[in-house]
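Structure, as structure tokens:
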2 protein chains.
Amino acid sequence: MSAISGRLVVIGLGPGDPRYLTTEAAAALGEAQALYGYGPYVDRVPARAGQSRHPSDNREEAARAAQALGHAAQGINVALVSGGDPGVFAMAAAVCEQIAAGPETWRALDVAFVPGVTAMLAVAARIGAPLGHDFCVLSLSDNLKPWSLIERRLDAAAQAGFAIALYNPVSRARPWQFAGAVERLRRHLPPATPVIFGRAVGRLQEQVAVTTLANAAHETADMATLVIVGTRETRVIERPGRSPLVYTPRAIPPAKAEAIA
Amino acid sequence: MSAISGRLVVIGLGPGDPRYLTTEAAAALGEAQALYGYGPYVDRVPARAGQSRHPSDNREEAARAAQALGHAAQGINVALVSGGDPGVFAMAAAVCEQIAAGPETWRALDVAFVPGVTAMLAVAARIGAPLGHDFCVLSLSDNLKPWSLIERRLDAAAQAGFAIALYNPVSRARPWQFAGAVERLRRHLPPATPVIFGRAVGRLQEQVAVTTLANAAHETADMATLVIVGTRETRVIERPGRSPLVYTPRAIPPAKAEAIA
């Protein structure tokens, strides 16, 4: 199959604003002959002469990945764009799943992944260093895994003292999951545990709010929100005339570690 | 204290090569009057007329953060550079700790954090999508927390079916920790569980290796290595004439989820 000269590059655009784009991502976008992705992500990439555009709907990851692979197998240099980083709850796994299940020609293709700034890093940077110690990263969507497993993982993460980054906290089809997760975490963590809501970070509508686990269920979360739940050690630094800083210290003294272990 | 016009920007350089730098990071580096950081990271930034350079040794995070804050408080625009992302086992938490403990003037300072591509995202992108499902991020350094807590967290992460990204697997002062972690994980995960070693990713000496949990302790890890341990679901796609792809599927079917929960 030496006739296959196509290429698929799965590119992380970062959280929104072009300032988060890496040099590597910009170069890969410039070389692509065809551009695939969820519509709003494709919209972020300036139109370019000779580059075809193939936006698709949300929740069509498998079909989108297969289309991009099929197009690349025709000898085309294809870019598939993802928000954030393609490897974190985004298109890279969907592409691998399609390659595993698809025709043998897809395994002969040149496939590359270009990392990007994923939402949790952008939200953390807005507020300080809430992920400055060990942490877990969890999607609250129960479309692809049962809710009981999400509860099991929330328990494990909170009990072991990990900070927690929550992707996909809520959607129109999943209205109660975020409140359910907060209820679950309150079994293990003090009411004063800092919780950060980052909405549309890196975009014009950006909003970052700091609250506590006791009040977290009253905050509005949506599809574009990333939530970070701190640990028992996470601190808030109030600053006169400036927004507070939130950080999780790098050290856990032995006495506090024993309470966890 | 309106006399304070200085600024401290804590900047993530990404994993090494300039291609990982974001537009925002490049702009912030260009504006800085003074540059602080661990020597090898400062070396990555091209010298610039009118910008002073203040490299420091490894394991001097607290002193480096305090020096950079002190310099900014003199009305200077200071950049403090970090490898990867400043919020993930890097300088952001150290800066917040110094602000919390330092003089009140430091809380009046303009402090900003510029996110970057952290090592686990770069290593994952080299190999496919091993972090394509829920995952934990853990430093194996027991300088700032007891080893018993690390074991507790490895147990929790593996038992709950998280993929695991391990930072700082080994150093000259901590030669046995990585083998200890592998031994611990083998209590919970099958010997065939895929394990990825990414060394110096994004640099000339880059090496990425895929092995199994059974053989992981025989791989060489060092300070510049990031290790990703898969889950029971993580798959390897062998490709003729190309390096394998490793990915963790996005879905867990209810029957498999029950075995975890």
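Convention: chains lettered A, B, ... in structure tokens order; per-chain residue numbering from 1; ligands numbered from 1 as shown.
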Worksheet item: Hey, what's within 8 Å of segment 69-84 of chain B if we count only C-alpha atoms and toss same-chain stuff fewer than 2 positions away? As a ChimeraX atom specification, please?
Response: /B:3-16,28-29,31-38,41-42,65-67,86,88,90-91,95,105-106,109,116-119
Practice prompt. Report as a ChimeraX atom specification the set of chain A residues whose atoms approach chain B to within 7 Å, with distances computed over only C-alpha atoms.
Written response: /A:19-24,87-89,92-93,96-97,100,107-108,113-117,121-122,124-126,128-129,131-139,144-146,148-149,152-153,156,160,237,239-240,247-254,257,261
Please save C-alpha atoms of the selected residues as a compact mmCIF listing (two decimals), in the first residue's frame.
```
# COMPACT_ATOMS: atom_id res chain seq x y z
CA ARG A 19 -2.87 33.22 21.97
CA TYR A 20 -2.96 29.64 23.28
CA LEU A 21 -1.99 28.13 19.92
CA THR A 22 1.46 26.54 19.79
CA THR A 23 3.86 27.14 16.91
CA GLU A 24 3.54 23.45 16.01
CA GLY A 87 -5.72 13.62 24.13
CA VAL A 88 -7.90 14.84 27.03
CA PHE A 89 -11.60 14.03 26.48
CA ALA A 92 -7.36 11.56 19.77
CA ALA A 93 -9.01 8.53 21.42
CA CYS A 96 -7.44 5.58 17.62
CA GLU A 97 -10.71 3.69 18.11
CA ALA A 100 -8.36 -0.10 15.53
CA ARG A 107 -3.04 1.47 10.04
CA ALA A 108 -0.57 2.30 7.25
CA PHE A 113 -1.12 14.28 17.32
CA VAL A 114 -0.27 17.88 18.20
CA PRO A 115 -0.73 18.63 21.91
CA GLY A 116 -2.37 21.78 23.19
CA VAL A 117 -3.26 23.62 26.39
CA LEU A 121 -4.40 24.11 32.70
CA ALA A 122 -5.92 27.35 31.40
CA ALA A 124 -5.73 26.76 36.86
CA ALA A 125 -3.46 29.44 35.39
CA ARG A 126 -6.24 32.03 35.72
CA GLY A 128 -3.02 30.40 40.71
CA ALA A 129 -2.04 26.77 41.17
CA LEU A 131 -3.48 21.63 40.57
CA GLY A 132 -0.09 22.24 42.18
CA HIS A 133 -0.14 18.84 43.90
CA ASP A 134 -1.32 15.36 42.78
CA PHE A 135 -4.67 15.49 40.96
CA CYS A 136 -7.29 13.47 39.09
CA VAL A 137 -9.01 14.34 35.82
CA LEU A 138 -12.52 13.05 35.35
CA SER A 139 -15.34 13.54 32.86
CA LEU A 144 -19.87 6.37 27.78
CA LYS A 145 -19.61 4.98 31.32
CA PRO A 146 -22.16 4.27 34.05
CA SER A 148 -21.89 4.30 39.46
CA LEU A 149 -18.32 4.25 38.11
CA ARG A 152 -16.62 5.26 42.61
CA ARG A 153 -13.91 7.46 41.10
CA ALA A 156 -11.42 7.31 45.38
CA ALA A 160 -6.90 9.79 48.64
CA ILE A 237 -5.03 34.08 49.26
CA ARG A 239 -5.58 40.18 47.81
CA PRO A 240 -6.59 43.83 48.26
CA TYR A 247 -3.28 27.08 45.25
CA THR A 248 -2.63 23.59 46.49
CA PRO A 249 0.69 23.47 48.36
CA ARG A 250 3.38 21.17 47.02
CA ALA A 251 4.05 19.63 50.44
CA ILE A 252 1.91 17.46 52.71
CA PRO A 253 3.37 17.12 56.20
CA PRO A 254 3.52 13.53 57.55
CA ALA A 257 -0.63 12.51 55.18
CA ALA A 261 -3.36 7.06 54.34
```
Discussion item. What does the structure give for the distance between atom CA of Glu61 of chain A and atom CA of Phe178 of chain A, in Å to one decimal?
Written reply: 23.0 Å
Worksheet item: Just how far from atom CA of Thr225 of chain B is atom CA of Pro175 of chain B, in Å to one decimal?
Response: 13.4 Å
Practice prompt. Enumerate the residues of segment 53-186 of chain A with a DSSP assignment of strand (DSSP E or B), computed from the backbone, and present them as an NGL selection string.
Written response: :A and (53-56 or 77-82 or 84 or 110-114 or 128-129 or 135-139 or 163-167 or 171 or 174)
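Reported to one decimal place, the separation of atom CA of Ile196 of chain A from atom CA of Asp43 of chain A is 28.1 Å.
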Item to complete: Could you tell me, as JSON, numbers by chain, which residues of segment 15-138 of chain A DSSP assigns to helix (DSSP H, G or I) when given the backbone?
Response: {"A": [18, 19, 20, 23, 24, 25, 26, 27, 28, 29, 30, 31, 39, 40, 41, 42, 43, 61, 62, 63, 64, 65, 66, 67, 68, 69, 70, 71, 72, 91, 92, 93, 94, 95, 96, 97, 98, 99, 100, 101, 104, 105, 106, 107, 119, 120, 121, 122, 123, 124, 125, 126, 127]}
Can I get the selection written as a compact mmCIF listing (two decimals), in the first residue's frame, with N, CA and C atoms?
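Once everything was written out, this is part-v3.txt:
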```txt
# COMPACT_ATOMS: atom_id res chain seq x y z
N PRO A 18 -6.59 32.56 20.06
CA PRO A 18 -5.38 32.16 19.31
C PRO A 18 -4.08 32.30 20.11
N ARG A 19 -4.11 33.07 21.21
CA ARG A 19 -2.87 33.22 21.97
C ARG A 19 -2.42 31.91 22.60
N TYR A 20 -3.32 30.93 22.71
CA TYR A 20 -2.96 29.64 23.28
C TYR A 20 -2.40 28.67 22.25
N THR A 23 3.25 26.98 18.22
CA THR A 23 3.86 27.14 16.91
C THR A 23 3.62 25.89 16.07
N GLU A 24 3.74 24.72 16.71
CA GLU A 24 3.54 23.45 16.01
C GLU A 24 2.11 23.33 15.46
N ALA A 25 1.13 23.72 16.28
CA ALA A 25 -0.27 23.64 15.84
C ALA A 25 -0.52 24.60 14.67
N ALA A 26 0.01 25.80 14.77
CA ALA A 26 -0.18 26.78 13.70
C ALA A 26 0.43 26.27 12.40
N ALA A 27 1.62 25.67 12.48
CA ALA A 27 2.29 25.15 11.28
C ALA A 27 1.48 24.01 10.66
N ALA A 28 0.97 23.11 11.52
CA ALA A 28 0.21 21.97 11.01
C ALA A 28 -1.10 22.43 10.35
N LEU A 29 -1.73 23.46 10.92
CA LEU A 29 -2.95 24.01 10.31
C LEU A 29 -2.64 24.61 8.94
N GLY A 30 -1.47 25.23 8.84
CA GLY A 30 -1.09 25.86 7.58
C GLY A 30 -0.83 24.87 6.46
N GLU A 31 -0.39 23.67 6.81
CA GLU A 31 -0.04 22.67 5.80
C GLU A 31 -1.22 21.83 5.33
N GLY A 39 -17.99 22.03 14.52
CA GLY A 39 -18.17 23.33 13.88
C GLY A 39 -17.51 24.51 14.57
N PRO A 40 -17.78 24.74 15.87
CA PRO A 40 -17.20 25.91 16.54
C PRO A 40 -15.67 25.89 16.57
N TYR A 41 -15.06 24.69 16.57
CA TYR A 41 -13.60 24.63 16.54
C TYR A 41 -13.08 24.95 15.13
N VAL A 42 -13.75 24.42 14.11
CA VAL A 42 -13.36 24.75 12.72
C VAL A 42 -13.47 26.26 12.51
N ASP A 43 -14.51 26.87 13.10
CA ASP A 43 -14.72 28.32 12.95
C ASP A 43 -13.55 29.13 13.50
N GLU A 61 -18.26 12.22 17.23
CA GLU A 61 -16.80 12.02 17.20
C GLU A 61 -16.40 10.83 16.33
N ALA A 62 -17.10 9.72 16.46
CA ALA A 62 -16.70 8.51 15.72
C ALA A 62 -16.83 8.75 14.21
N ALA A 63 -17.96 9.30 13.80
CA ALA A 63 -18.16 9.54 12.37
C ALA A 63 -17.16 10.56 11.84
N ARG A 64 -16.90 11.60 12.63
CA ARG A 64 -15.95 12.64 12.22
C ARG A 64 -14.55 12.05 12.05
N ALA A 65 -14.13 11.22 13.02
CA ALA A 65 -12.81 10.60 12.94
C ALA A 65 -12.71 9.71 11.70
N ALA A 66 -13.77 8.92 11.44
CA ALA A 66 -13.76 8.02 10.28
C ALA A 66 -13.69 8.81 8.97
N GLN A 67 -14.44 9.89 8.90
CA GLN A 67 -14.40 10.72 7.68
C GLN A 67 -13.02 11.31 7.46
N ALA A 68 -12.40 11.80 8.51
CA ALA A 68 -11.07 12.40 8.38
C ALA A 68 -10.05 11.34 7.97
N LEU A 69 -10.14 10.14 8.56
CA LEU A 69 -9.22 9.05 8.18
C LEU A 69 -9.44 8.65 6.72
N GLY A 70 -10.70 8.51 6.32
CA GLY A 70 -11.01 8.13 4.94
C GLY A 70 -10.47 9.14 3.95
N HIS A 71 -10.58 10.40 4.29
CA HIS A 71 -10.08 11.46 3.41
C HIS A 71 -8.55 11.41 3.33
N ALA A 72 -7.91 11.22 4.47
CA ALA A 72 -6.44 11.13 4.48
C ALA A 72 -5.97 9.93 3.66
N MET A 91 -10.53 14.40 20.58
CA MET A 91 -10.60 13.56 19.38
C MET A 91 -9.55 12.47 19.26
N ALA A 92 -8.44 12.53 20.00
CA ALA A 92 -7.36 11.56 19.77
C ALA A 92 -7.82 10.12 20.03
N ALA A 93 -8.55 9.89 21.12
CA ALA A 93 -9.01 8.53 21.42
C ALA A 93 -10.02 8.07 20.37
N ALA A 94 -10.88 8.96 19.91
CA ALA A 94 -11.87 8.58 18.88
C ALA A 94 -11.16 8.16 17.60
N VAL A 95 -10.08 8.86 17.24
CA VAL A 95 -9.31 8.50 16.05
C VAL A 95 -8.67 7.12 16.22
N CYS A 96 -8.06 6.89 17.37
CA CYS A 96 -7.44 5.58 17.62
C CYS A 96 -8.48 4.46 17.57
N GLU A 97 -9.65 4.71 18.15
CA GLU A 97 -10.71 3.69 18.11
C GLU A 97 -11.09 3.35 16.67
N GLN A 98 -11.17 4.37 15.82
CA GLN A 98 -11.53 4.13 14.42
C GLN A 98 -10.42 3.39 13.68
N ILE A 99 -9.17 3.72 13.99
CA ILE A 99 -8.05 3.01 13.35
C ILE A 99 -8.07 1.54 13.76
N ALA A 100 -8.33 1.28 15.04
CA ALA A 100 -8.36 -0.10 15.53
C ALA A 100 -9.46 -0.90 14.85
N ALA A 101 -10.60 -0.26 14.58
CA ALA A 101 -11.76 -0.98 14.04
C ALA A 101 -11.83 -0.90 12.51
N GLU A 104 -7.42 -1.99 7.05
CA GLU A 104 -5.99 -2.09 7.29
C GLU A 104 -5.23 -0.89 6.73
N THR A 105 -5.74 -0.30 5.67
CA THR A 105 -5.07 0.87 5.07
C THR A 105 -4.93 2.01 6.09
N TRP A 106 -5.86 2.11 7.03
CA TRP A 106 -5.78 3.19 8.01
C TRP A 106 -4.60 2.99 8.97
N ARG A 107 -4.21 1.72 9.18
CA ARG A 107 -3.04 1.47 10.04
C ARG A 107 -1.73 1.78 9.33
N ALA A 119 -8.17 22.56 28.93
CA ALA A 119 -8.93 23.53 29.72
C ALA A 119 -8.49 23.62 31.18
N MET A 120 -8.18 22.47 31.80
CA MET A 120 -7.84 22.54 33.24
C MET A 120 -6.58 23.37 33.48
N LEU A 121 -5.63 23.33 32.52
CA LEU A 121 -4.40 24.11 32.70
C LEU A 121 -4.69 25.60 32.55
N ALA A 122 -5.57 25.94 31.61
CA ALA A 122 -5.92 27.35 31.40
C ALA A 122 -6.70 27.90 32.59
N VAL A 123 -7.63 27.12 33.12
CA VAL A 123 -8.41 27.58 34.28
C VAL A 123 -7.50 27.70 35.50
N ALA A 124 -6.65 26.70 35.72
CA ALA A 124 -5.73 26.76 36.86
C ALA A 124 -4.84 27.99 36.76
N ALA A 125 -4.36 28.30 35.57
CA ALA A 125 -3.46 29.44 35.39
C ALA A 125 -4.17 30.77 35.67
N ARG A 126 -5.48 30.81 35.46
CA ARG A 126 -6.24 32.03 35.72
C ARG A 126 -6.31 32.38 37.20
N ILE A 127 -6.10 31.36 38.06
CA ILE A 127 -6.45 31.53 39.47
C ILE A 127 -5.26 31.26 40.39
```
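Checking B:Gly102, B:Gly202, B:Pro194, B:Pro46 one by one against Val229 of chain B, counting only C-alpha atoms, you find the shortest gap at B:Pro194.
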Discussion item. So that I can see what lies close to Ala192 of chain B, please list as a ChimeraX atom specification the residues with an atom at most 7 Å from it, counting only C-alpha atoms and leaving out residues fewer than 4 positions away in the same chain.
Written reply: /B:212-214
